[in-house]
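To be precise, the following lines are run_10.tsv, and they hold TSV, C-alpha atoms.
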chain	number	residue	atom	x	y	z
A	117	MET	CA	0.00	0.00	0.00
A	118	SER	CA	1.43	3.35	-1.05
A	119	GLU	CA	1.71	6.34	1.27
A	120	SER	CA	-1.18	8.06	-0.51
A	121	ASP	CA	-3.35	4.96	-0.04
A	122	ALA	CA	-2.54	4.97	3.67
A	123	GLU	CA	-3.65	8.61	3.97
A	124	LYS	CA	-7.06	7.90	2.43
A	125	PHE	CA	-10.16	7.88	4.58
A	126	GLN	CA	-13.03	5.92	3.08
A	127	ILE	CA	-16.67	6.19	4.16
A	128	LEU	CA	-19.51	3.77	3.44
A	129	SER	CA	-22.88	5.54	3.62
A	130	LEU	CA	-26.11	3.50	3.72
A	131	ASP	CA	-29.54	5.05	3.11
A	132	GLY	CA	-32.78	4.17	4.82
A	133	GLY	CA	-35.50	2.39	2.88
A	134	GLY	CA	-37.24	-0.25	4.98
A	135	ILE	CA	-37.16	-3.77	3.60
A	136	LYS	CA	-35.35	-2.41	0.53
A	137	GLY	CA	-32.20	-2.69	2.63
A	138	LEU	CA	-32.07	-6.15	1.07
A	139	PHE	CA	-30.87	-4.40	-2.10
A	140	SER	CA	-27.95	-2.69	-0.32
A	141	ALA	CA	-26.91	-5.83	1.54
A	142	SER	CA	-27.05	-7.87	-1.66
A	143	VAL	CA	-24.93	-5.36	-3.62
A	144	LEU	CA	-22.25	-5.53	-0.91
A	145	ALA	CA	-22.42	-9.34	-0.91
A	146	LYS	CA	-21.93	-9.42	-4.68
A	147	LEU	CA	-18.92	-7.08	-4.40
A	148	GLU	CA	-17.34	-9.38	-1.83
A	149	ASP	CA	-17.90	-12.40	-4.10
A	150	ASP	CA	-16.57	-10.63	-7.20
A	151	LEU	CA	-13.46	-9.19	-5.59
A	152	GLY	CA	-12.70	-11.77	-2.92
A	153	VAL	CA	-12.61	-9.16	-0.15
A	154	SER	CA	-14.29	-8.25	3.11
A	155	ILE	CA	-16.05	-4.93	2.54
A	156	VAL	CA	-15.43	-3.57	6.03
A	157	ASP	CA	-11.67	-3.90	5.58
A	158	HIS	CA	-11.78	-1.02	3.12
A	159	PHE	CA	-13.81	1.54	5.08
A	160	ASP	CA	-12.63	3.68	7.98
A	161	LEU	CA	-16.16	4.80	8.89
A	162	ILE	CA	-19.64	3.43	8.20
A	163	VAL	CA	-22.74	5.61	8.54
A	164	GLY	CA	-26.22	4.21	8.17
A	165	THR	CA	-29.78	5.43	8.69
A	166	SER	CA	-32.79	3.23	9.46
A	167	THR	CA	-32.41	0.01	7.46
A	168	GLY	CA	-28.96	1.29	6.48
A	169	GLY	CA	-28.26	1.60	10.19
A	170	LEU	CA	-29.11	-2.08	10.66
A	171	ILE	CA	-26.66	-3.01	7.92
A	172	ALA	CA	-24.01	-0.76	9.46
A	173	LEU	CA	-24.53	-2.37	12.88
A	174	GLY	CA	-24.31	-5.84	11.35
A	175	LEU	CA	-21.09	-5.03	9.51
A	176	GLY	CA	-19.70	-3.36	12.63
A	177	MET	CA	-20.20	-6.47	14.73
A	178	GLY	CA	-18.56	-8.69	12.13
A	179	MET	CA	-21.44	-10.00	10.02
A	180	ARG	CA	-20.80	-10.52	6.32
A	181	PRO	CA	-23.21	-8.96	3.80
A	182	ARG	CA	-24.46	-12.41	2.75
A	183	GLU	CA	-25.56	-12.97	6.37
A	184	LEU	CA	-27.44	-9.68	6.25
A	185	VAL	CA	-29.15	-10.76	3.04
A	186	ARG	CA	-30.34	-13.86	4.87
A	187	PHE	CA	-31.56	-11.68	7.77
A	188	TYR	CA	-33.76	-9.63	5.45
A	189	VAL	CA	-35.13	-12.64	3.58
A	190	GLU	CA	-35.94	-14.59	6.74
A	191	SER	CA	-37.01	-11.79	9.09
A	192	GLY	CA	-38.65	-9.38	6.63
A	193	PRO	CA	-41.99	-11.21	6.33
A	194	LYS	CA	-42.25	-11.47	10.13
A	195	ILE	CA	-41.51	-7.77	10.66
A	196	PHE	CA	-43.80	-6.47	7.89
A	197	GLN	CA	-46.73	-8.85	8.26
A	198	ARG	CA	-49.56	-8.55	5.74
A	199	SER	CA	-53.10	-8.10	7.03
A	200	PHE	CA	-55.29	-8.12	3.89
A	201	GLY	CA	-55.98	-4.39	3.77
A	202	LEU	CA	-57.01	-3.86	7.40
A	203	ARG	CA	-53.59	-2.50	8.37
A	204	SER	CA	-53.62	-0.07	5.44
A	205	PHE	CA	-56.97	1.28	6.67
A	206	THR	CA	-55.93	1.70	10.33
A	207	HIS	CA	-52.60	3.21	9.16
A	208	TRP	CA	-54.44	6.50	8.71
A	209	VAL	CA	-54.84	6.87	12.49
A	210	TYR	CA	-52.36	4.45	14.07
A	211	ARG	CA	-48.86	3.10	13.50
A	212	LYS	CA	-48.92	0.39	10.85
A	213	PHE	CA	-46.81	-2.36	12.46
A	214	PRO	CA	-46.14	-3.58	16.01
A	215	GLN	CA	-42.54	-3.22	17.12
A	216	ALA	CA	-42.29	-6.66	18.76
A	217	PRO	CA	-41.33	-8.72	15.66
A	218	LEU	CA	-38.56	-6.26	14.77
A	219	ARG	CA	-37.36	-6.24	18.37
A	220	ASP	CA	-37.28	-10.06	18.45
A	221	ALA	CA	-35.35	-10.22	15.18
A	222	LEU	CA	-32.76	-7.66	16.30
A	223	GLN	CA	-32.29	-9.24	19.72
A	224	GLU	CA	-31.76	-12.63	18.11
A	225	CYS	CA	-29.32	-11.15	15.58
A	226	PHE	CA	-27.27	-8.90	17.86
A	227	GLN	CA	-27.59	-10.82	21.14
A	228	ASP	CA	-25.92	-8.82	23.94
A	229	LYS	CA	-23.45	-6.92	21.73
A	230	ARG	CA	-23.01	-3.20	22.44
A	231	LEU	CA	-21.61	-0.36	20.34
A	232	ALA	CA	-18.32	-0.84	22.20
A	233	ASP	CA	-18.08	-4.34	20.69
A	234	CYS	CA	-18.03	-3.10	17.09
A	235	THR	CA	-14.75	-3.39	15.21
A	236	THR	CA	-15.44	-0.51	12.80
A	237	ARG	CA	-16.27	3.15	13.50
A	238	LEU	CA	-20.02	3.70	13.19
A	239	VAL	CA	-22.38	6.68	13.23
A	240	ILE	CA	-26.13	5.91	13.28
A	241	PRO	CA	-28.66	8.81	13.01
A	242	SER	CA	-31.92	8.96	14.95
A	243	TYR	CA	-34.16	11.85	16.00
A	244	ASN	CA	-35.22	12.93	19.49
A	245	LEU	CA	-38.92	13.68	19.13
A	246	GLY	CA	-39.36	14.90	22.70
A	247	ASP	CA	-36.58	17.49	22.57
A	248	ASP	CA	-37.04	18.13	18.83
A	249	ASP	CA	-33.37	17.60	18.06
A	250	VAL	CA	-31.13	15.31	16.03
A	251	TYR	CA	-29.60	12.31	17.80
A	252	LEU	CA	-26.51	10.38	16.75
A	253	PHE	CA	-25.30	7.03	18.08
A	254	LYS	CA	-21.52	6.66	17.78
A	255	THR	CA	-18.95	4.02	18.55
A	256	PRO	CA	-16.27	5.21	21.02
A	257	HIS	CA	-13.83	6.43	18.34
A	258	HIS	CA	-13.10	9.73	20.08
A	259	GLU	CA	-12.28	10.46	23.71
A	260	ARG	CA	-15.40	12.58	24.23
A	261	LEU	CA	-17.78	9.77	23.18
A	262	LYS	CA	-18.32	8.35	26.66
A	263	ARG	CA	-21.97	7.27	26.66
A	264	ASP	CA	-23.20	5.52	23.51
A	265	TYR	CA	-20.69	2.68	23.73
A	266	LYS	CA	-22.78	1.13	26.53
A	267	VAL	CA	-25.94	0.92	24.41
A	268	PRO	CA	-26.97	-2.55	23.11
A	269	LEU	CA	-27.02	-2.80	19.33
A	270	TRP	CA	-30.65	-3.91	19.27
A	271	LYS	CA	-31.67	-0.68	20.99
A	272	VAL	CA	-29.73	1.41	18.47
A	273	GLY	CA	-31.43	-0.59	15.70
A	274	LEU	CA	-34.92	0.04	17.06
A	275	ALA	CA	-34.21	3.76	17.53
A	276	THR	CA	-32.92	4.39	14.02
A	277	THR	CA	-35.71	2.35	12.33
A	278	ALA	CA	-38.71	3.78	14.25
A	279	ALA	CA	-40.22	5.27	11.10
A	280	PRO	CA	-43.15	7.61	11.82
A	281	THR	CA	-46.55	6.00	11.06
A	282	TYR	CA	-44.88	2.59	10.54
A	283	PHE	CA	-43.51	1.92	14.04
A	284	SER	CA	-43.93	3.49	17.47
A	285	SER	CA	-41.17	5.70	18.80
A	286	PHE	CA	-38.44	3.93	20.78
A	287	GLN	CA	-38.54	4.96	24.44
A	288	GLU	CA	-36.29	2.45	26.21
A	289	LEU	CA	-33.17	4.61	26.38
A	290	ASP	CA	-33.27	7.22	29.14
A	291	SER	CA	-37.01	7.62	28.37
A	292	LEU	CA	-36.14	9.53	25.19
A	293	ARG	CA	-38.68	9.45	22.34
A	294	LEU	CA	-36.43	8.36	19.47
A	295	ILE	CA	-37.62	7.96	15.88
A	296	ASP	CA	-36.16	7.08	12.50
A	297	GLY	CA	-33.08	9.09	11.52
A	298	GLY	CA	-34.49	9.30	8.01
A	299	VAL	CA	-36.56	12.33	9.01
A	300	TRP	CA	-33.37	14.39	8.73
A	301	ALA	CA	-30.61	12.17	7.28
A	302	ASN	CA	-32.09	9.39	5.17
A	303	ASN	CA	-28.98	9.78	3.02
A	304	PRO	CA	-26.34	10.08	5.76
A	305	THR	CA	-23.39	10.92	3.50
A	306	LEU	CA	-22.85	14.39	4.99
A	307	VAL	CA	-23.11	12.94	8.50
A	308	GLY	CA	-20.09	10.78	7.66
A	309	ILE	CA	-18.12	13.60	6.07
A	310	VAL	CA	-18.75	15.93	9.02
A	311	GLU	CA	-17.72	13.21	11.47
A	312	ALA	CA	-14.49	12.59	9.58
A	313	VAL	CA	-13.56	16.27	9.27
A	314	SER	CA	-14.73	17.68	12.59
A	315	LEU	CA	-14.12	14.88	15.07
A	316	LEU	CA	-11.45	12.74	13.41
A	317	ARG	CA	-9.57	15.67	11.80
A	318	VAL	CA	-9.39	14.11	8.35
A	319	PRO	CA	-8.59	16.59	5.52
A	320	PHE	CA	-11.32	16.89	2.89
A	321	GLN	CA	-8.92	15.86	0.14
A	322	ASN	CA	-8.33	12.47	1.77
A	323	ILE	CA	-12.00	11.45	1.92
A	324	SER	CA	-13.79	9.16	-0.52
A	325	VAL	CA	-17.39	7.97	-0.17
A	326	LEU	CA	-19.44	5.05	-1.43
A	327	SER	CA	-23.04	6.21	-0.96
A	328	MET	CA	-25.74	3.54	-1.33
A	329	GLY	CA	-29.43	4.22	-1.80
A	330	THR	CA	-32.15	1.58	-1.92
A	331	SER	CA	-33.75	2.55	-5.28
A	332	ASP	CA	-35.30	5.78	-6.52
A	333	PRO	CA	-38.82	5.46	-7.99
A	334	VAL	CA	-39.63	7.50	-11.09
A	335	ARG	CA	-42.64	9.65	-10.24
A	336	TYR	CA	-44.71	12.09	-12.21
A	337	ARG	CA	-45.33	15.35	-10.34
A	338	ARG	CA	-48.84	16.34	-11.36
A	339	ARG	CA	-49.46	19.93	-12.45
A	340	SER	CA	-52.03	20.48	-9.71
A	341	LEU	CA	-49.21	20.58	-7.15
A	342	ASP	CA	-48.27	23.98	-8.55
A	343	TRP	CA	-51.31	25.53	-6.88
A	344	SER	CA	-52.51	22.88	-4.39
A	345	GLY	CA	-53.10	23.40	-0.69
A	346	ARG	CA	-52.62	20.98	2.18
A	347	LEU	CA	-54.96	18.31	0.85
A	348	GLY	CA	-53.37	18.25	-2.58
A	349	TRP	CA	-49.88	18.02	-1.12
A	350	ALA	CA	-50.75	15.40	1.51
A	351	LYS	CA	-49.67	12.43	-0.61
A	352	SER	CA	-46.60	13.97	-2.26
A	353	ALA	CA	-45.05	16.17	0.43
A	354	VAL	CA	-43.08	13.51	2.34
A	355	ASP	CA	-41.77	11.87	-0.82
A	356	ILE	CA	-40.62	15.18	-2.33
A	357	VAL	CA	-38.98	16.31	0.91
A	358	MET	CA	-37.14	12.98	1.28
A	359	ARG	CA	-35.99	12.93	-2.35
A	360	GLY	CA	-34.98	16.58	-2.28
A	361	GLN	CA	-33.02	16.03	0.92
A	362	SER	CA	-31.17	13.07	-0.57
A	363	LEU	CA	-30.35	14.81	-3.85
A	364	GLY	CA	-29.20	17.93	-2.02
A	365	ILE	CA	-26.92	15.95	0.28
A	366	HIS	CA	-25.34	14.11	-2.63
A	367	LYS	CA	-24.70	17.31	-4.57
A	368	GLN	CA	-23.18	18.99	-1.49
A	369	ALA	CA	-20.92	15.97	-0.92
A	370	VAL	CA	-19.72	16.14	-4.53
A	371	HIS	CA	-19.16	19.89	-4.15
A	372	LEU	CA	-17.08	19.36	-1.00
A	373	LEU	CA	-15.02	16.37	-2.12
A	374	GLY	CA	-15.11	16.42	-5.93
A	375	ASP	CA	-17.09	14.21	-8.30
A	376	ASP	CA	-14.17	11.77	-8.49
A	377	LYS	CA	-14.40	11.11	-4.75
A	378	VAL	CA	-18.09	10.19	-4.41
A	379	ILE	CA	-19.85	7.20	-5.95
A	380	ARG	CA	-23.61	7.11	-5.52
A	381	ILE	CA	-25.64	4.00	-6.31
A	382	ASP	CA	-29.41	4.55	-6.22
A	383	PRO	CA	-31.05	3.04	-9.33
A	384	ARG	CA	-34.16	4.61	-10.85
A	385	VAL	CA	-37.03	2.12	-10.89
A	386	PRO	CA	-40.70	2.25	-11.93
A	387	GLU	CA	-43.03	3.66	-9.31
A	388	GLY	CA	-44.61	0.90	-7.24
A	389	LEU	CA	-42.00	-1.75	-8.07
A	390	PHE	CA	-40.58	-1.71	-4.53
A	391	ALA	CA	-42.05	-0.58	-1.22
A	392	LEU	CA	-40.67	0.12	2.25
A	393	ASP	CA	-42.78	-2.62	3.80
A	394	ARG	CA	-43.32	-5.19	1.03
A	395	LEU	CA	-40.66	-7.83	0.45
A	396	THR	CA	-40.13	-8.46	-3.27
A	397	THR	CA	-37.14	-10.76	-2.94
A	398	GLU	CA	-36.53	-11.79	-6.53
A	399	GLU	CA	-36.88	-8.28	-7.94
A	400	LEU	CA	-34.60	-6.71	-5.31
A	401	LEU	CA	-31.94	-9.40	-5.69
A	402	SER	CA	-32.12	-9.10	-9.48
A	403	LYS	CA	-31.69	-5.32	-9.34
A	404	ALA	CA	-28.77	-5.76	-6.93
A	405	ALA	CA	-27.09	-8.25	-9.25
A	406	HIS	CA	-27.37	-5.79	-12.15
A	407	GLU	CA	-26.17	-2.73	-10.24
A	408	SER	CA	-23.29	-4.55	-8.54
A	409	ARG	CA	-22.05	-5.72	-11.93
A	410	ILE	CA	-21.70	-2.06	-12.93
A	411	LEU	CA	-20.28	-0.98	-9.56
A	412	SER	CA	-17.67	-3.72	-9.16
A	413	PRO	CA	-14.93	-2.32	-11.45
A	414	MET	CA	-15.46	1.21	-10.09
A	415	PHE	CA	-15.18	-0.08	-6.54
A	416	GLU	CA	-12.01	-1.98	-7.39
A	417	GLN	CA	-10.43	1.12	-8.92
A	418	MET	CA	-11.50	3.65	-6.29
A	419	PHE	CA	-11.64	1.82	-2.96
A	420	LEU	CA	-9.78	-1.48	-3.07
A	421	SER	CA	-6.21	-0.22	-2.73
A	422	HIS	CA	-6.89	1.28	0.70
A	423	LYS	CA	-7.07	-0.91	3.79
A	424	ALA	CA	-8.62	0.77	6.81
A	425	SER	CA	-6.32	1.13	9.79
A	426	ARG	CA	-7.20	-1.03	12.79
A	427	TYR	CA	-9.90	0.54	14.91
A	428	GLU	CA	-9.65	0.17	18.67
A	429	PRO	CA	-12.60	1.41	20.78
A	430	LEU	CA	-11.47	3.91	23.39
A	431	TYR	CA	-13.95	2.70	25.98
A	432	LYS	CA	-15.33	-0.71	26.82
Go ahead and render the structure in this file as structure tokens.
Amino acid sequence: MSESDAEKFQILSLDGGGIKGLFSASVLAKLEDDLGVSIVDHFDLIVGTSTGGLIALGLGMGMRPRELVRFYVESGPKIFQRSFGLRSFTHWVYRKFPQAPLRDALQECFQDKRLADCTTRLVIPSYNLGDDDVYLFKTPHHERLKRDYKVPLWKVGLATTAAPTYFSSFQELDSLRLIDGGVWANNPTLVGIVEAVSLLRVPFQNISVLSMGTSDPVRYRRRSLDWSGRLGWAKSAVDIVMRGQSLGIHKQAVHLLGDDKVIRIDPRVPEGLFALDRLTTEELLSKAAHESRILSPMFEQMFLSHKASRYEPLYK
């Protein structure tokens, strides 16, 4: 490894997207198979929101992407149980899914592991609904990070995936009302860059990012939105805000680092093909196989030469 390779600081950023996290996990698994590597060996920091946070936690505790693919395939139907239309009706006034199946799946997956047990630096966004403020879970990779390392991984997972209207807020950590980090950082690329620059003192010019979305549906924005009020915007507002946030973050990351330092994978797909809470295994795995085939040579050229330095948690 050359001196310039040693100076690099590589960030893996993983978007939220519900059960579509299967796509991200599968792309990473295909890269490992193609290149004969362990993905985590090539990233100095992993940031993940919601389902991306679950993948980040899994990678941080030593799981391989193929194991995460199996987690989604086996646990997805239990977490997002179908109810023949009744749940869609009650969703208008009540959260759509109970949290218990997700809790059971995460506790079985992560056991008693804590953030201090992770072997890679992690940052996992959530949001503090009670205090109306952002909330970040971090491994103890800086001397001032003296609290989060004690938190069990399953609790971090429930906090970052508590998507409004889909799951209840998570309140089992200091009685905080924590919800899905996707409300402010569904694409957490800038979270990773800020962490690297501000806390870890990495120069901008040394940073490279692999930013992974979970698919981007092609939608037609009807003309009536140009003059609509609250009712007209009710269906489109959240989607437009989330997409605008993600696009803005990506463009700012490219502006900060340069377009040769950021790779973004977030394939455009027909509207309705994938959903946050509907497992379409074959279609997601097929899309992942296609996109990873394109990504593999770019990953090899941009990221493979750098091996992340050994991370040692400061507190245990």
(message) As an exercise, work out the distance from CA of Leu315 (chain A) to CA of Leu373 (chain A) in Å and give it to one decimal place.
(response) 17.3 Å
(request) Compare A:Pro256, A:Pro214, A:Gly176, A:Gly134 by their minimum atom-to-atom distance to Ser285 (chain A), counting only C-alpha atoms, and give me the closest one. (result) A:Pro214
Write out as a PDB file with C-alpha atoms, keeping the file's coordinate frame the residues lying within 6 Å of region 380-385 of chain A, counting all atoms listed in the file and excluding same-chain residues fewer than 6 positions away.
ATOM      1  CA  SER A 327     -23.040   6.210  -0.960  1.00  0.00           C
ATOM      2  CA  MET A 328     -25.740   3.540  -1.330  1.00  0.00           C
ATOM      3  CA  GLY A 329     -29.430   4.220  -1.800  1.00  0.00           C
ATOM      4  CA  THR A 330     -32.150   1.580  -1.920  1.00  0.00           C
ATOM      5  CA  SER A 331     -33.750   2.550  -5.280  1.00  0.00           C
ATOM      6  CA  ASP A 332     -35.300   5.780  -6.520  1.00  0.00           C
ATOM      7  CA  PRO A 333     -38.820   5.460  -7.990  1.00  0.00           C
ATOM      8  CA  VAL A 334     -39.630   7.500 -11.090  1.00  0.00           C
TER       9      VAL A 334
END
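Going from CA of Ile240 (chain A) over to CA of Lys262 (chain A), you cover 15.7 Å.
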(request) Could you check which of A:Leu147, A:Tyr427, A:Leu261, A:Phe390 is closest to Lys403 (chain A), using all atoms listed in the file? (result) A:Phe390
Go through region 296-315 of chain A and flag each residue having an atom no more than 9 Å from region 352-366 of chain A; for those, report the closest pair of atoms plus their distance in Å to one decimal, using only C-alpha atoms, ordered by chain and rising number, as JSON lines.
{"residue": "A:Gly298", "atom": "CA", "partner": "A:Met358", "partner_atom": "CA", "distance": 8.1}
{"residue": "A:Val299", "atom": "CA", "partner": "A:Met358", "partner_atom": "CA", "distance": 7.8}
{"residue": "A:Trp300", "atom": "CA", "partner": "A:Gln361", "partner_atom": "CA", "distance": 8.0}
{"residue": "A:Ala301", "atom": "CA", "partner": "A:Gln361", "partner_atom": "CA", "distance": 7.8}
{"residue": "A:Asn302", "atom": "CA", "partner": "A:Ser362", "partner_atom": "CA", "distance": 6.9}
{"residue": "A:Asn303", "atom": "CA", "partner": "A:Ser362", "partner_atom": "CA", "distance": 5.3}
{"residue": "A:Pro304", "atom": "CA", "partner": "A:Ile365", "partner_atom": "CA", "distance": 8.1}
{"residue": "A:Thr305", "atom": "CA", "partner": "A:Ile365", "partner_atom": "CA", "distance": 6.9}
{"residue": "A:Leu306", "atom": "CA", "partner": "A:Ile365", "partner_atom": "CA", "distance": 6.4}
(message) Using only C-alpha atoms, can you tell me which of A:Arg198, A:Arg237, A:Lys136, A:Lys254 comes closest to Ala424 (chain A)?
(response) A:Arg237
Box time for region 388-397 of chain A: axis-aligned, enclosing all its listed atoms, 8 Å extra on each side; report centre and edge lengths in Å to one decimal, as JSON.
{"center_x": -40.9, "center_y": -4.9, "center_z": -2.1, "size_x": 23.5, "size_y": 27.7, "size_z": 27.9}
(request) Provide the CA of Ala275 (chain A) to CA of Pro429 (chain A) distance in Å, to one decimal place. (result)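 These atoms are spaced 22.0 Å apart.
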(request) Could you tell me which of A:Gln126, A:Gly137, A:Leu144, A:Trp270 comes closest to Ser408 (chain A) if we count all atoms listed in the file? (result)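 That would be A:Leu144, the residue with the smallest distance to Ser408 (chain A).
Residue nearest Leu326 (chain A) within the list A:Ile171, A:Leu218, A:Leu151, A:Val378: A:Val378 [criterion: smallest interatomic distance, all atoms listed in the file].
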(request) Go through A:Leu138, A:Val318, A:Ala278, A:Met179 and flag the residue nearest Glu398 (chain A), using all atoms listed in the file for the distances. (result)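 Residue with the minimum atom-to-atom distance to Glu398 (chain A): A:Leu138.
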(message) Would you pick out the contacts of region 153-165 of chain A at 9 Å or less, using only C-alpha atoms, so that residues sharing its chain but fewer than 3 positions from it are not included, and give the list as a ChimeraX atom specification?
(response) /A:124-133,144-145,147-150,168-173,175-176,178,180-181,236-242,276-277,296-298,301-305,307-308,311-312,419-427
